[in-house]
Structure formats: C-alpha cells, structure tokens
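Novice: coords13.pdb is the file, holding PDB, C-alpha atoms:
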```pdb
ATOM      1  CA  MET B  11     -36.795  -0.816  36.329
ATOM      2  CA  ASN B  12     -34.166  -2.258  34.011
ATOM      3  CA  SER B  13     -30.526  -1.192  34.077
ATOM      4  CA  ASP B  14     -28.639  -0.060  30.978
ATOM      5  CA  VAL B  15     -26.789  -3.383  30.917
ATOM      6  CA  GLN B  16     -30.071  -5.293  31.019
ATOM      7  CA  ILE B  17     -31.455  -3.198  28.156
ATOM      8  CA  ALA B  18     -28.379  -2.900  25.900
ATOM      9  CA  GLY B  19     -26.300  -5.859  27.036
ATOM     10  CA  ASP B  20     -22.739  -5.882  28.265
ATOM     11  CA  PRO B  21     -20.710  -3.468  26.073
ATOM     12  CA  LEU B  22     -17.557  -5.501  26.767
ATOM     13  CA  ALA B  23     -19.184  -8.448  25.035
ATOM     14  CA  ILE B  24     -19.444  -6.442  21.813
ATOM     15  CA  PRO B  25     -15.872  -6.260  20.411
ATOM     16  CA  HIS B  26     -16.643  -3.596  17.800
ATOM     17  CA  LEU B  27     -17.482  -1.114  20.580
ATOM     18  CA  LEU B  28     -14.122  -1.537  22.279
ATOM     19  CA  PRO B  29     -11.201   0.729  21.410
ATOM     20  CA  PRO B  30      -8.639  -1.004  19.225
ATOM     21  CA  VAL B  31      -5.891  -2.800  21.111
ATOM     22  CA  PRO B  32      -2.632  -0.967  20.454
ATOM     23  CA  SER B  33      -0.313  -3.098  18.399
ATOM     24  CA  HIS B  34       2.843  -4.202  20.126
ATOM     25  CA  PRO B  35       5.941  -4.410  17.984
ATOM     26  CA  THR B  36       7.472  -7.867  18.090
ATOM     27  CA  THR B  37      10.603  -7.342  15.997
ATOM     28  CA  VAL B  38      13.601  -5.020  15.979
ATOM     29  CA  ALA B  39      12.272  -3.528  12.737
ATOM     30  CA  GLY B  40       8.878  -2.984  14.405
ATOM     31  CA  PHE B  41      10.411  -1.088  17.329
ATOM     32  CA  ALA B  42      12.655   0.932  14.983
ATOM     33  CA  GLY B  43       9.570   1.786  12.914
ATOM     34  CA  LEU B  44       7.645   2.824  16.018
ATOM     35  CA  ALA B  45      10.543   5.090  17.041
ATOM     36  CA  ARG B  46      10.603   6.622  13.527
ATOM     37  CA  SER B  47       6.855   7.279  13.601
ATOM     38  CA  ILE B  48       7.086   8.976  17.008
ATOM     39  CA  ALA B  49      10.092  10.988  15.804
ATOM     40  CA  ALA B  50       8.143  12.105  12.726
ATOM     41  CA  ASP B  51       5.406  13.585  14.945
ATOM     42  CA  ARG B  52       7.436  16.672  15.825
ATOM     43  CA  ALA B  53       4.342  18.561  17.006
ATOM     44  CA  ALA B  54       3.892  15.974  19.787
ATOM     45  CA  TRP B  55       7.424  16.058  21.209
ATOM     46  CA  ALA B  56       9.049  19.408  20.305
ATOM     47  CA  PRO B  57       6.992  21.552  22.749
ATOM     48  CA  LEU B  58       8.076  19.264  25.610
ATOM     49  CA  VAL B  59      11.851  19.675  25.115
ATOM     50  CA  ARG B  60      13.757  21.548  27.791
ATOM     51  CA  TYR B  61      17.491  22.200  28.077
ATOM     52  CA  ASP B  62      19.245  22.030  31.427
ATOM     53  CA  THR B  63      22.899  23.005  31.731
ATOM     54  CA  THR B  64      23.321  21.282  35.098
ATOM     55  CA  THR B  65      22.053  17.818  34.186
ATOM     56  CA  ARG B  66      20.662  15.916  31.226
ATOM     57  CA  TRP B  67      16.957  16.568  30.836
ATOM     58  CA  TYR B  68      14.614  13.661  30.142
ATOM     59  CA  HIS B  69      10.885  13.063  29.906
ATOM     60  CA  ARG B  70       8.969   9.793  29.578
ATOM     61  CA  LEU B  71       7.012  10.401  26.416
ATOM     62  CA  ARG B  72       5.015   7.203  26.090
ATOM     63  CA  THR B  73       4.499   3.736  27.490
ATOM     64  CA  GLY B  74       2.950   0.803  25.720
ATOM     65  CA  PRO B  75       2.596  -2.901  26.231
ATOM     66  CA  GLY B  76       6.163  -4.051  26.819
ATOM     67  CA  TYR B  77       7.972  -0.790  25.997
ATOM     68  CA  GLU B  78       8.533   2.817  27.013
ATOM     69  CA  VAL B  79       9.761   5.870  25.124
ATOM     70  CA  TRP B  80      11.928   8.655  26.557
ATOM     71  CA  LEU B  81      12.765  12.085  25.166
ATOM     72  CA  LEU B  82      16.199  13.463  26.142
ATOM     73  CA  SER B  83      17.990  16.740  25.517
ATOM     74  CA  TRP B  84      21.742  17.244  25.517
ATOM     75  CA  VAL B  85      23.544  20.572  25.756
ATOM     76  CA  PRO B  86      27.137  20.672  24.461
ATOM     77  CA  GLY B  87      29.424  18.570  26.635
ATOM     78  CA  GLN B  88      26.701  16.515  28.342
ATOM     79  CA  GLY B  89      27.023  12.744  28.300
ATOM     80  CA  SER B  90      25.399   9.639  29.676
ATOM     81  CA  GLY B  91      28.424   7.982  31.237
ATOM     82  CA  ARG B  92      29.437   4.486  30.199
ATOM     83  CA  HIS B  93      26.458   2.163  30.818
ATOM     84  CA  ASP B  94      24.244  -0.628  29.578
ATOM     85  CA  HIS B  95      20.467  -1.050  29.797
ATOM     86  CA  GLY B  96      20.193  -4.241  31.827
ATOM     87  CA  ALA B  97      17.682  -6.657  30.316
ATOM     88  CA  SER B  98      16.234  -4.063  27.928
ATOM     89  CA  SER B  99      16.838  -3.771  24.205
ATOM     90  CA  GLY B 100      16.685  -0.303  22.750
ATOM     91  CA  VAL B 101      16.401   2.045  19.826
ATOM     92  CA  LEU B 102      18.138   5.428  20.047
ATOM     93  CA  THR B 103      16.966   7.961  17.444
ATOM     94  CA  VAL B 104      18.616  11.368  17.080
ATOM     95  CA  LEU B 105      15.910  13.986  16.525
ATOM     96  CA  GLU B 106      17.976  17.191  16.407
ATOM     97  CA  GLY B 107      21.672  17.988  16.402
ATOM     98  CA  GLU B 108      24.231  15.221  16.604
ATOM     99  CA  LEU B 109      25.515  12.866  19.255
ATOM    100  CA  THR B 110      28.640  10.757  19.534
ATOM    101  CA  GLU B 111      28.313   7.158  20.661
ATOM    102  CA  HIS B 112      31.441   5.619  22.187
ATOM    103  CA  THR B 113      31.626   1.808  22.162
ATOM    104  CA  ALA B 114      34.280  -0.892  22.283
ATOM    105  CA  THR B 115      34.750  -0.426  18.532
ATOM    106  CA  GLY B 116      35.334   3.328  18.810
ATOM    107  CA  PRO B 117      33.325   6.529  18.447
ATOM    108  CA  ARG B 118      30.530   6.991  15.934
ATOM    109  CA  THR B 119      28.784  10.280  15.136
ATOM    110  CA  LEU B 120      25.006  10.036  14.899
ATOM    111  CA  ALA B 121      23.375  12.911  13.008
ATOM    112  CA  ALA B 122      19.703  13.877  13.108
ATOM    113  CA  GLY B 123      17.631  11.013  11.709
ATOM    114  CA  ALA B 124      20.134   8.268  12.569
ATOM    115  CA  GLN B 125      19.014   5.307  14.660
ATOM    116  CA  ARG B 126      21.028   2.950  16.814
ATOM    117  CA  VAL B 127      19.524  -0.421  17.745
ATOM    118  CA  PHE B 128      21.036  -2.431  20.591
ATOM    119  CA  ALA B 129      20.516  -5.635  22.535
ATOM    120  CA  PRO B 130      20.534  -6.198  26.313
ATOM    121  CA  GLY B 131      23.976  -5.812  27.847
ATOM    122  CA  TYR B 132      25.271  -3.461  25.121
ATOM    123  CA  VAL B 133      27.799  -1.079  26.724
ATOM    124  CA  HIS B 134      28.105   2.445  25.370
ATOM    125  CA  GLU B 135      28.352   6.109  26.246
ATOM    126  CA  VAL B 136      26.479   8.866  24.435
ATOM    127  CA  VAL B 137      27.924  12.394  24.432
ATOM    128  CA  ASN B 138      27.064  15.695  22.796
ATOM    129  CA  ASP B 139      30.488  16.632  21.386
ATOM    130  CA  ALA B 140      28.972  19.292  19.117
ATOM    131  CA  LEU B 141      28.642  23.014  19.769
ATOM    132  CA  THR B 142      24.834  22.982  19.534
ATOM    133  CA  PRO B 143      22.180  21.213  21.631
ATOM    134  CA  ALA B 144      20.790  17.836  20.595
ATOM    135  CA  VAL B 145      17.546  15.943  21.204
ATOM    136  CA  SER B 146      17.118  12.173  21.116
ATOM    137  CA  LEU B 147      14.368   9.600  21.469
ATOM    138  CA  HIS B 148      15.020   6.342  23.361
ATOM    139  CA  LEU B 149      12.694   3.348  23.115
ATOM    140  CA  TYR B 150      13.303   0.440  25.531
ATOM    141  CA  SER B 151      11.741  -3.000  25.515
ATOM    142  CA  PRO B 152      10.938  -4.125  28.069
ATOM    143  CA  GLY B 153      10.735  -0.781  29.851
ATOM    144  CA  LEU B 154      14.003   0.345  31.397
ATOM    145  CA  THR B 155      14.388  -0.881  34.986
ATOM    146  CA  ASP B 156      18.175  -1.000  35.258
ATOM    147  CA  MET B 157      21.012   1.102  33.825
ATOM    148  CA  PRO B 158      24.269  -0.211  35.293
ATOM    149  CA  MET B 159      27.181   2.187  35.022
ATOM    150  CA  HIS B 160      30.576   0.902  33.867
ATOM    151  CA  PRO B 161      33.589   2.785  35.187
ATOM    152  CA  GLY B 162      36.506   3.312  32.848
ATOM    153  CA  GLN B 163      37.581   5.487  29.988
ATOM    154  CA  THR B 164      35.116   6.266  27.245
ATOM    155  CA  THR B 165      37.407   5.707  24.296
ATOM    156  CA  ALA B 166      39.011   2.505  25.578
ATOM    157  CA  LEU B 167      36.038   0.342  26.377
ATOM    158  CA  GLY B 168      37.043  -3.172  27.221
ATOM    159  CA  GLY B 169      35.271  -6.414  26.519
ATOM    160  CA  ALA B 170      33.064  -7.465  23.695
ATOM    161  CA  ALA B 171      30.031  -5.401  22.868
ATOM    162  CA  ALA B 172      26.630  -6.969  22.385
ATOM    163  CA  PRO B 173      25.240  -6.884  18.850
ATOM    164  CA  SER B 174      24.161  -3.465  17.633
ATOM    165  CA  GLU B 175      23.494  -1.789  14.356
ATOM    166  CA  VAL B 176      23.019   1.699  12.949
ATOM    167  CA  LEU B 177      19.996   2.331  10.791
ATOM    168  CA  ALA B 178      20.315   5.217   8.344
ATOM    169  CA  PRO B 179      17.486   7.754   8.127
TER     170      PRO B 179
END
```
Could the structure of this file be written out as structure tokens, please?

Specialist:
Amino acid sequence: MNSDVQIAGDPLAIPHLLPPVPSHPTTVAGFAGLARSIAADRAAWAPLVRYDTTTRWYHRLRTGPGYEVWLLSWVPGQGSGRHDHGASSGVLTVLEGELTEHTATGPRTLAAGAQRVFAPGYVHEVVNDALTPAVSLHLYSPGLTDMPMHPGQTTALGGAAAPSEVLAP
C-alpha cells in the first residue's frame, strides 16, 4: 500500500502549497508602517486592554521574525522609569490618550496617533501626565531582552541621547 507522500509527493517540495512567509521589515519606515497597521486594527487589540492602578499593564501582542510587539496601558500618573532598550530599536505608537516622553532634550507630549522611533541605547522615560488613561503599542527589533534602568531625575537627563525621531500620524 502506498503512503500519501508516495502518491502525492512531498507537499514541502511544492512551494505554492506552503503558507506565505511573513515579510520582515528591514527599515525603520517598514517597522513604523507595521506598527501603524497593527494600531489601525483596533478590533484586534482593544478587547485585550486592561487597566491596573497598582502597576503598568502590558501584553505581548505579536512576535515575528526579528521583532515583537507589546500593548501597554497607562493610568494617570503611571510611568516607565528612566530606561533604555539594550540592543533593541523600537517604535512607540500612542493608540489612545496621551503620554509624555522625557529625554535629555526635555519633555514631549505624544497624542494618540503619534509615533516615536528610537535606536539602541536611547534613554527616555514615558509617563501618563494626563487625567485620562492611555494605551500604547511598542514594537522592538530585535525582541526586547534587556531594559536597563537609569537612576536620576526625569527632567534632567544627562548625557547624549541616541538618535530618535517623532513621526506624525
């Protein structure tokens, strides 16, 4: 009796039967675009959001080849602490509300739809200074394995910051 493989052949040898390989962004613009497309799919992320008054809530939303995506919520007054992302680059996208990013160059308010792109070693602190909750999406490439904290005051960050840019909605 013949097996299915003997009759039909090896399905892995027939590329058109394989699921498409997910594309992997290779540029900053590609990762920013991926973050925007995930942000636009509100039905996929909104039901997952939770608010926790004792600690920042976060949920790993997606992983892909060479990246991961996190969903975070922020109640008023919650912040990340001053940190960097080790060897990872990132894209922060504000989905709801507004957040304040504190860097060596001063504070910057990020409203819903704003994106912040940063390179490895970029030191910042993100805080919800508003009176309403906020939700943000964080894409890291490669996936986040280290988040060193940097003691010191938020508004007087010392040292030079790594390159970063804000992308308007």

Novice: For the structure shown, which residues end up in the PyMOL selection byres ((chain B and resi 157) around 9)? Put them as a ChimeraX atom specification, please?

Specialist: /B:93-96,154-156,158-159

Novice: Name the residues in contact with Ala49 of chain B at a cut-off of 12 Å, using all atoms listed in the file, excluding same-chain residues fewer than 4 positions from it; report them as a list in words.

Specialist: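 Within the cut-off, the hits are Ala42, Gly43, Leu44, Ala45, Ala53, Ala54, Trp55, Ala56, Leu71, Val79, Trp80, Leu81, Val101, Leu102, Thr103, Val104, Leu105, Glu106, Ala122, Gly123, Ala124, Gln125, Val145, Ser146, Leu147, His148, Leu149 and Pro179 of chain B.
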
Novice: Could you pull the residues within 6 Å of Trp84 of chain B, counting all atoms listed in the file, minus those fewer than 3 positions along the same chain, as a PyMOL selection string?

Specialist: chain B and resi 66+88+143-144

Novice: Just how far from atom CA of Val127 of chain B is atom CA of Val38 of chain B, in Å to one decimal?

Specialist: 7.7 Å

Novice: So how many Å separate atom CA of Ala97 of chain B and atom CA of Pro152 of chain B, to one decimal?

Specialist: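 Straight-line distance from atom CA of Ala97 of chain B to atom CA of Pro152 of chain B works out to 7.5 Å.
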
Novice: Would you mind reading off the distance between atom CA of Tyr77 of chain B and atom CA of Gly40 of chain B, one decimal, in Å?

Specialist: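 Going from atom CA of Tyr77 of chain B over to atom CA of Gly40 of chain B covers 11.8 Å.
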